[in-house]
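protein-v1.cif, holding mmCIF, C-alpha atoms:
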data_entry
#
loop_
_atom_site.label_atom_id
_atom_site.label_comp_id
_atom_site.auth_asym_id
_atom_site.auth_seq_id
_atom_site.Cartn_x
_atom_site.Cartn_y
_atom_site.Cartn_z
CA MET Z 1 59.70 44.97 -107.28
CA ALA Z 2 55.91 45.11 -107.27
CA ASP Z 3 54.04 41.99 -108.20
CA HIS Z 4 51.17 43.02 -110.50
CA THR Z 5 49.53 39.62 -110.55
CA THR Z 6 45.89 39.81 -109.53
CA SER Z 7 45.27 37.56 -106.57
CA ARG Z 8 42.68 37.00 -103.88
CA VAL Z 9 42.53 35.01 -100.67
CA SER Z 10 40.22 34.98 -97.68
CA TYR Z 11 40.46 33.58 -94.16
CA THR Z 12 37.72 32.72 -91.68
CA LEU Z 13 39.14 33.23 -88.22
CA ASP Z 14 38.22 33.00 -84.55
CA SER Z 15 37.32 36.13 -82.62
CA SER Z 16 40.70 36.36 -80.91
CA LEU Z 17 43.77 38.55 -80.68
CA ALA Z 18 45.73 35.80 -82.46
CA SER Z 19 43.43 36.38 -85.44
CA VAL Z 20 44.10 40.11 -85.27
CA ASN Z 21 47.84 39.45 -85.40
CA LYS Z 22 47.45 37.06 -88.33
CA VAL Z 23 45.35 39.55 -90.30
CA GLU Z 24 47.87 42.31 -89.61
CA GLN Z 25 50.78 40.13 -90.71
CA THR Z 26 48.97 39.05 -93.88
CA ALA Z 27 48.16 42.67 -94.72
CA GLU Z 28 51.83 43.57 -94.34
CA GLU Z 29 52.84 40.75 -96.70
CA TYR Z 30 50.25 41.76 -99.31
CA ALA Z 31 51.23 45.43 -99.08
CA GLU Z 32 54.90 44.59 -99.56
CA ARG Z 33 54.12 42.32 -102.48
CA ALA Z 34 51.98 45.06 -104.05
CA GLY Z 35 55.02 47.33 -104.05
CA PHE Z 36 54.10 49.93 -101.45
CA ASP Z 37 57.05 51.77 -99.92
CA GLU Z 38 58.49 51.19 -96.45
CA ASP Z 39 56.52 54.08 -94.93
CA THR Z 40 53.20 53.01 -96.42
CA VAL Z 41 53.37 49.28 -95.66
CA PRO Z 42 53.19 49.68 -91.84
CA ASN Z 43 50.36 52.21 -92.21
CA ILE Z 44 48.32 49.75 -94.27
CA ALA Z 45 49.09 46.99 -91.76
CA MET Z 46 47.99 49.25 -88.90
CA ALA Z 47 44.73 50.22 -90.64
CA VAL Z 48 43.94 46.56 -91.26
CA ARG Z 49 44.85 45.69 -87.66
CA GLU Z 50 42.45 48.37 -86.42
CA ALA Z 51 39.69 46.96 -88.63
CA ALA Z 52 40.36 43.46 -87.31
CA VAL Z 53 40.34 44.73 -83.71
CA ASN Z 54 36.98 46.38 -84.36
CA ALA Z 55 35.59 43.14 -85.76
CA VAL Z 56 36.88 40.95 -82.93
CA LEU Z 57 36.39 43.33 -80.00
CA HIS Z 58 33.46 45.59 -80.88
CA GLY Z 59 31.73 43.43 -83.50
CA ASN Z 60 31.94 39.89 -82.18
CA ALA Z 61 32.88 40.83 -78.60
CA TYR Z 62 35.32 37.86 -78.47
CA ASP Z 63 32.34 35.49 -78.89
CA PRO Z 64 33.84 32.04 -79.64
CA GLU Z 65 30.72 31.18 -81.67
CA LYS Z 66 31.33 34.07 -84.05
CA HIS Z 67 34.02 34.45 -86.69
CA ILE Z 68 35.63 37.20 -88.69
CA VAL Z 69 36.42 36.95 -92.37
CA ALA Z 70 39.46 38.73 -93.80
CA ALA Z 71 39.78 38.88 -97.57
CA PHE Z 72 42.83 40.24 -99.39
CA GLU Z 73 42.79 41.15 -103.06
CA THR Z 74 45.32 42.83 -105.28
CA THR Z 75 44.26 44.21 -108.64
CA THR Z 76 46.36 46.20 -111.08
CA GLU Z 77 45.05 49.40 -109.46
CA ASP Z 78 44.40 48.61 -105.82
CA LEU Z 79 45.08 46.62 -102.71
CA ILE Z 80 41.65 45.77 -101.31
CA ILE Z 81 41.07 44.30 -97.85
CA ARG Z 82 37.65 43.35 -96.55
CA ILE Z 83 37.10 42.56 -92.87
CA SER Z 84 33.70 41.37 -91.72
CA ASP Z 85 32.22 40.32 -88.38
CA GLN Z 86 28.97 38.80 -87.15
CA GLY Z 87 28.19 41.43 -84.55
CA ALA Z 88 25.29 43.81 -84.00
CA GLY Z 89 26.44 46.18 -86.74
CA LEU Z 90 28.28 49.46 -86.79
CA ASN Z 91 26.88 52.78 -87.97
CA PRO Z 92 29.90 54.92 -88.90
CA GLU Z 93 27.76 58.06 -88.55
CA THR Z 94 27.55 57.50 -84.80
CA ILE Z 95 31.29 57.32 -84.18
CA PRO Z 96 32.44 60.39 -82.23
CA ASP Z 97 35.16 62.56 -83.77
CA PRO Z 98 38.31 61.74 -81.76
CA LEU Z 99 39.80 65.14 -82.67
CA ALA Z 100 36.94 67.10 -81.09
CA PRO Z 101 38.09 68.89 -77.92
CA GLU Z 102 35.60 66.98 -75.78
CA ASN Z 103 36.98 63.65 -77.06
CA ILE Z 104 40.68 64.34 -77.31
CA LEU Z 105 41.45 62.83 -73.89
CA ARG Z 106 39.30 59.74 -74.34
CA GLY Z 107 41.11 56.45 -73.84
CA SER Z 108 39.53 54.87 -76.92
CA GLY Z 109 37.73 55.66 -80.17
CA ARG Z 110 40.61 56.31 -82.57
CA GLY Z 111 40.56 53.08 -84.59
CA ILE Z 112 38.21 54.10 -87.42
CA PHE Z 113 39.90 57.51 -87.57
CA LEU Z 114 43.31 55.87 -88.13
CA ILE Z 115 41.87 53.52 -90.76
CA ARG Z 116 40.53 56.52 -92.67
CA ALA Z 117 43.82 58.39 -92.23
CA PHE Z 118 45.93 55.61 -93.72
CA MET Z 119 43.69 54.22 -96.49
CA ASP Z 120 42.47 55.90 -99.67
CA GLU Z 121 38.93 54.58 -99.41
CA VAL Z 122 36.99 53.07 -96.50
CA ASN Z 123 33.50 51.69 -97.00
CA PHE Z 124 31.05 50.22 -94.50
CA ARG Z 125 28.40 47.65 -95.40
CA GLN Z 126 25.77 46.20 -93.07
CA LEU Z 127 25.52 42.41 -93.31
CA HIS Z 128 22.56 41.64 -91.00
CA PRO Z 129 24.12 40.54 -88.79
CA GLY Z 130 27.50 42.13 -88.82
CA THR Z 131 29.53 44.76 -90.59
CA GLU Z 132 31.96 44.59 -93.48
CA LEU Z 133 34.70 47.17 -93.80
CA THR Z 134 36.37 47.52 -97.17
CA LEU Z 135 39.78 49.18 -97.07
CA ILE Z 136 41.33 50.28 -100.36
CA LYS Z 137 44.82 51.59 -101.06
CA HIS Z 138 45.59 52.71 -104.59
CA ARG Z 139 48.73 51.13 -105.99
CA THR Z 140 49.45 54.16 -108.18
CA PRO Z 141 48.93 57.25 -106.06
CA ALA Z 142 47.43 60.32 -107.71
CA GLN Z 143 49.98 62.98 -108.52
CA PRO Z 144 49.78 66.31 -106.68
CA GLY Z 145 47.32 68.64 -108.37
CA THR Z 146 45.52 65.89 -110.25
CA MET P 1 56.50 40.58 -79.19
CA SER P 2 55.04 42.05 -76.05
CA MET P 3 56.13 45.14 -74.20
CA LYS P 4 58.80 45.24 -71.48
CA VAL P 5 59.19 47.85 -68.77
CA LYS P 6 62.28 48.78 -66.78
CA THR P 7 61.87 51.26 -63.94
CA ARG P 8 64.51 53.60 -62.56
CA GLN P 9 64.66 56.77 -60.49
CA VAL P 10 66.46 59.97 -61.46
CA ASP P 11 66.24 63.06 -59.22
CA GLY P 12 62.79 62.18 -57.88
CA VAL P 13 61.40 61.27 -61.30
CA THR P 14 60.36 57.69 -62.10
CA ILE P 15 61.52 56.79 -65.59
CA LEU P 16 59.81 53.86 -67.29
CA ASP P 17 61.95 52.54 -70.15
CA LEU P 18 59.47 50.82 -72.45
CA SER P 19 60.39 48.47 -75.29
CA GLY P 20 58.38 46.43 -77.78
CA ARG P 21 54.78 46.98 -78.83
CA ILE P 22 51.98 48.85 -77.08
CA THR P 23 48.92 47.18 -78.54
CA LEU P 24 45.55 45.81 -77.48
CA GLY P 25 45.92 42.94 -75.04
CA GLU P 26 49.71 43.09 -75.01
CA GLY P 27 51.57 46.23 -74.04
CA SER P 28 48.54 48.30 -73.15
CA VAL P 29 47.78 46.28 -70.01
CA THR P 30 51.46 46.17 -69.06
CA LEU P 31 51.69 49.96 -69.37
CA ARG P 32 48.53 50.49 -67.32
CA ASP P 33 49.81 48.23 -64.53
CA ALA P 34 53.25 49.85 -64.55
CA VAL P 35 51.84 53.37 -64.16
CA ARG P 36 49.47 52.22 -61.39
CA ASP P 37 52.39 50.59 -59.56
CA VAL P 38 54.41 53.80 -59.68
CA LEU P 39 51.49 55.84 -58.34
CA ALA P 40 50.81 53.25 -55.63
CA LYS P 41 54.39 53.59 -54.44
CA GLY P 42 53.87 57.32 -53.94
CA SER P 43 55.64 58.72 -56.98
CA ASN P 44 53.66 60.93 -59.33
CA LYS P 45 56.39 62.30 -61.58
CA ILE P 46 56.59 59.83 -64.43
CA LEU P 47 58.67 59.95 -67.60
CA LEU P 48 57.78 57.38 -70.24
CA ASN P 49 60.80 56.62 -72.42
CA LEU P 50 59.34 55.39 -75.72
CA GLY P 51 62.65 55.19 -77.58
CA GLU P 52 62.48 51.40 -77.93
CA ILE P 53 58.77 51.21 -78.76
CA SER P 54 58.60 49.67 -82.22
CA TYR P 55 54.86 49.83 -82.70
CA ILE P 56 51.77 51.34 -81.15
CA ASP P 57 48.12 50.96 -82.19
CA SER P 58 44.99 52.92 -81.29
CA SER P 59 44.65 50.97 -78.04
CA GLY P 60 48.23 51.89 -77.17
CA ILE P 61 47.56 55.54 -77.94
CA GLY P 62 44.48 55.34 -75.76
CA GLU P 63 46.54 53.82 -72.97
CA LEU P 64 49.05 56.69 -73.16
CA VAL P 65 46.14 59.15 -72.87
CA SER P 66 44.66 57.22 -69.94
CA ALA P 67 48.05 57.16 -68.22
CA PHE P 68 48.35 60.92 -68.74
CA THR P 69 44.93 61.65 -67.23
CA THR P 70 45.38 59.13 -64.40
CA VAL P 71 48.66 60.71 -63.32
CA LYS P 72 47.27 64.23 -63.73
CA ASN P 73 44.20 63.37 -61.63
CA ALA P 74 46.59 62.05 -58.96
CA GLY P 75 48.19 65.50 -58.85
CA GLY P 76 51.24 64.42 -60.78
CA GLU P 77 52.90 64.89 -64.15
CA LEU P 78 53.53 62.46 -66.99
CA LYS P 79 55.89 63.33 -69.84
CA LEU P 80 57.03 61.45 -72.92
CA LEU P 81 60.65 60.95 -73.97
CA ASN P 82 62.35 59.83 -77.20
CA LEU P 83 59.44 59.33 -79.57
CA THR P 84 60.19 57.25 -82.64
CA LYS P 85 59.11 58.79 -85.93
CA LYS P 86 56.16 56.42 -86.08
CA VAL P 87 54.86 57.34 -82.63
CA HIS P 88 55.54 61.02 -83.29
CA ASP P 89 53.52 60.87 -86.51
CA LEU P 90 50.63 59.08 -84.78
CA LEU P 91 50.47 61.68 -82.03
CA GLN P 92 50.48 64.41 -84.68
CA ILE P 93 47.67 62.78 -86.68
CA THR P 94 45.54 62.32 -83.56
CA LYS P 95 46.32 65.88 -82.37
CA LEU P 96 47.76 64.52 -79.13
CA TYR P 97 51.26 65.86 -79.68
CA THR P 98 50.35 69.16 -78.06
CA VAL P 99 48.48 67.43 -75.22
CA PHE P 100 51.58 65.59 -74.05
CA ASP P 101 54.77 67.25 -72.89
CA VAL P 102 57.22 65.59 -75.28
CA LYS P 103 60.99 65.67 -74.71
CA ASP P 104 63.93 64.28 -76.64
CA ASP P 105 66.62 64.65 -73.98
CA GLU P 106 66.44 62.78 -70.68
CA ALA P 107 68.29 65.33 -68.55
CA SER P 108 66.14 68.24 -69.67
CA ALA P 109 63.02 66.09 -69.38
CA VAL P 110 63.83 65.26 -65.76
CA GLY P 111 64.62 68.92 -65.09
CA ALA P 112 61.26 69.98 -66.55
CA PHE P 113 59.25 68.32 -63.77
CA SER P 114 58.03 70.72 -61.10
CA LYS P 115 60.11 70.63 -57.91
#
When written as structure tokens, how does the structure in this file appear?
Amino acid sequence: MADHTTSRVSYTLDSSLASVNKVEQTAEEYAERAGFDEDTVPNIAMAVREAAVNAVLHGNAYDPEKHIVAAFETTTEDLIIRISDQGAGLNPETIPDPLAPENILRGSGRGIFLIRAFMDEVNFRQLHPGTELTLIKHRTPAQPGT
Amino acid sequence: MSMKVKTRQVDGVTILDLSGRITLGEGSVTLRDAVRDVLAKGSNKILLNLGEISYIDSSGIGELVSAFTTVKNAGGELKLLNLTKKVHDLLQITKLYTVFDVKDDEASAVGAFSK
């Protein structure tokens, strides 16, 4: 049974893999509470995990002086997750297409692609310093043909 | 939960039975080390049994690709066995399903390696 109460919480976390796991687990709990089905919940959790990995690994580069912030919000329409870091900043236009033939056998570079594949909206915002990713999943999916 | 690896030999093929999660900092390093160990011991026909892999992230997918290219560059073959629906779907989305030789039956997978 979906909980339609609007709620919001945010965590400031170390730049560590433990933080990534916590963010992923929290995303899973929020997605379940928002009423997403059993196929969608793990996809949301994975997208959020990838965003957290980007923040910790590529953004903050595991710097113990830097933190990530993960904010979770449910509205009547959406589940919204914002992940921010304090790194040098990420320009999404410069990310190579992992499906391009020249990139298909690369050992990395699929995180943002998977985030976009599993979420309905993905927005980037430069924080100076840092990057904020906003991941949105609509609670009521559009019907086919609409 | 981290990833576990059990290694066995069948008709000249090294089968790695993987279980758990292949993710950044957990299973991905374990997988890399396991494949390197097999190659170092002189075997270059490797079958990765993913039937007990519960979860894989982009780092894990990248590690599978790296394992594939590492084995290929060593003159060997790497095939995948028993994909879960989740892993299957991820390889489809990332267009890697046709890159890997994917099998769902161990005997035929072993038989598919070049003699």
Separation of CA of Val122 (chain Z) from CA of Thr6 (chain Z) in Å: 20.6 Å
Could you please select, counting only C-alpha atoms, the residues of chain P within 12 Å of chain Z and state them as a VMD selection string? chain P and resid 1 23 to 26 28 32 54 to 70 72 85 to 87 89 to 100
Residue contacts of Ala34 (chain P) (12 Å, all atoms listed in the file) excluding same-chain residues fewer than 2 positions away, as number ranges by chain: P: 3-7, 14-18, 27-32, 36-41, 43, 46-48, 63-64, 67, 71
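Close contacts of Ala34 (chain Z), defined as residues with an atom at most 12 Å away when counting only C-alpha atoms, with chain neighbours fewer than 4 positions off set aside, comprise Met1, Ala2, Asp3, His4, Thr5, Thr6, Ser7, Ala27, Glu28, Glu29, Tyr30, Glu38, Thr40, Val41, Ile44, Phe72, Glu73, Thr74, Thr75, Thr76, Glu77, Asp78, Leu79, Ile80, Lys137, His138, Arg139 and Thr140 of chain Z.
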Residue among Z:Gly130, Z:Ile81, Z:Ile136, Z:Ala88 lying closest to Tyr11 (chain Z), counting only C-alpha atoms: Z:Ile81
Would you compute the distance between CA of Gly35 (chain Z) and CA of Asn21 (chain Z)? Give it in Å to one decimal.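 These atoms are spaced 21.5 Å apart.
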On this file, the PyMOL selection byres ((chain P and resi 103) around 10) gives some set of residues; write that set as an MDAnalysis selection string. chainID P and resid 47:49 79:83 100:102 104:110 112
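Of note, CA of Gly12 (chain P) and CA of Gly76 (chain P) are spaced 12.1 Å apart.
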Tell me which residues the PyMOL selection byres ((chain Z and resi 10) around 7) grabs here, as a ChimeraX atom specification. /Z:8-9,11-12,69-72
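Neighbouring residues of Asp85 (chain Z) at 6 Å or closer, counting all atoms listed in the file and skipping chain neighbours under 2 positions away, are Ala55, Gly59, Ile68, Gly87, Gly130 and Thr131 of chain Z.
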Model the absent atoms of region 73-96 of chain P so that N, CA and C atoms are present, and write the result as an mmCIF file, keeping the file's coordinate frame.
data_model
loop_
_atom_site.group_PDB
_atom_site.id
_atom_site.type_symbol
_atom_site.label_atom_id
_atom_site.label_comp_id
_atom_site.auth_asym_id
_atom_site.auth_seq_id
_atom_site.Cartn_x
_atom_site.Cartn_y
_atom_site.Cartn_z
ATOM 1 N N ASN P 73 45.254 63.382 -62.666
ATOM 2 C CA ASN P 73 44.200 63.370 -61.630
ATOM 3 C C ASN P 73 44.760 63.029 -60.253
ATOM 4 N N ALA P 74 45.931 62.366 -60.238
ATOM 5 C CA ALA P 74 46.590 62.050 -58.960
ATOM 6 C C ALA P 74 47.492 63.204 -58.519
ATOM 7 N N GLY P 75 47.399 64.328 -59.226
ATOM 8 C CA GLY P 75 48.190 65.500 -58.850
ATOM 9 C C GLY P 75 49.614 65.450 -59.361
ATOM 10 N N GLY P 76 49.876 64.566 -60.291
ATOM 11 C CA GLY P 76 51.240 64.420 -60.780
ATOM 12 C C GLY P 76 51.421 64.885 -62.206
ATOM 13 N N GLU P 77 52.580 64.523 -62.765
ATOM 14 C CA GLU P 77 52.900 64.890 -64.150
ATOM 15 C C GLU P 77 53.407 63.653 -64.876
ATOM 16 N N LEU P 78 53.013 63.529 -66.139
ATOM 17 C CA LEU P 78 53.530 62.460 -66.990
ATOM 18 C C LEU P 78 54.052 63.100 -68.275
ATOM 19 N N LYS P 79 55.288 62.794 -68.611
ATOM 20 C CA LYS P 79 55.890 63.330 -69.840
ATOM 21 C C LYS P 79 56.372 62.166 -70.697
ATOM 22 N N LEU P 80 56.549 62.460 -71.986
ATOM 23 C CA LEU P 80 57.030 61.450 -72.920
ATOM 24 C C LEU P 80 58.437 61.798 -73.392
ATOM 25 N N LEU P 81 59.254 60.754 -73.568
ATOM 26 C CA LEU P 81 60.650 60.950 -73.970
ATOM 27 C C LEU P 81 60.978 60.061 -75.171
ATOM 28 N N ASN P 82 61.778 60.598 -76.084
ATOM 29 C CA ASN P 82 62.350 59.830 -77.200
ATOM 30 C C ASN P 82 61.308 59.134 -78.079
ATOM 31 N N LEU P 83 60.425 59.923 -78.667
ATOM 32 C CA LEU P 83 59.440 59.330 -79.570
ATOM 33 C C LEU P 83 60.122 58.859 -80.846
ATOM 34 N N THR P 84 59.750 57.672 -81.305
ATOM 35 C CA THR P 84 60.190 57.250 -82.640
ATOM 36 C C THR P 84 59.365 58.057 -83.661
ATOM 37 N N LYS P 85 59.828 58.034 -84.895
ATOM 38 C CA LYS P 85 59.110 58.790 -85.930
ATOM 39 C C LYS P 85 57.668 58.298 -86.047
ATOM 40 N N LYS P 86 57.498 56.990 -85.938
ATOM 41 C CA LYS P 86 56.160 56.420 -86.080
ATOM 42 C C LYS P 86 55.215 56.928 -84.988
ATOM 43 N N VAL P 87 55.705 56.883 -83.741
ATOM 44 C CA VAL P 87 54.860 57.340 -82.630
ATOM 45 C C VAL P 87 54.619 58.848 -82.731
ATOM 46 N N HIS P 88 55.667 59.572 -83.094
ATOM 47 C CA HIS P 88 55.540 61.020 -83.290
ATOM 48 C C HIS P 88 54.447 61.329 -84.310
ATOM 49 N N ASP P 89 54.502 60.635 -85.452
ATOM 50 C CA ASP P 89 53.520 60.870 -86.510
ATOM 51 C C ASP P 89 52.099 60.546 -86.036
ATOM 52 N N LEU P 90 51.961 59.457 -85.276
ATOM 53 C CA LEU P 90 50.630 59.080 -84.780
ATOM 54 C C LEU P 90 50.070 60.124 -83.823
ATOM 55 N N LEU P 91 50.937 60.657 -82.966
ATOM 56 C CA LEU P 91 50.470 61.680 -82.030
ATOM 57 C C LEU P 91 50.122 62.970 -82.774
ATOM 58 N N GLN P 92 50.829 63.238 -83.870
ATOM 59 C CA GLN P 92 50.480 64.410 -84.680
ATOM 60 C C GLN P 92 49.120 64.222 -85.337
ATOM 61 N N ILE P 93 48.926 63.053 -85.954
ATOM 62 C CA ILE P 93 47.670 62.780 -86.680
ATOM 63 C C ILE P 93 46.475 62.875 -85.734
ATOM 64 N N THR P 94 46.654 62.359 -84.523
ATOM 65 C CA THR P 94 45.540 62.320 -83.560
ATOM 66 C C THR P 94 45.455 63.599 -82.717
ATOM 67 N N LYS P 95 46.283 64.574 -83.055
ATOM 68 C CA LYS P 95 46.320 65.880 -82.370
ATOM 69 C C LYS P 95 46.650 65.757 -80.878
ATOM 70 N N LEU P 96 47.376 64.712 -80.535
ATOM 71 C CA LEU P 96 47.760 64.520 -79.130
ATOM 72 C C LEU P 96 49.163 65.046 -78.840
#
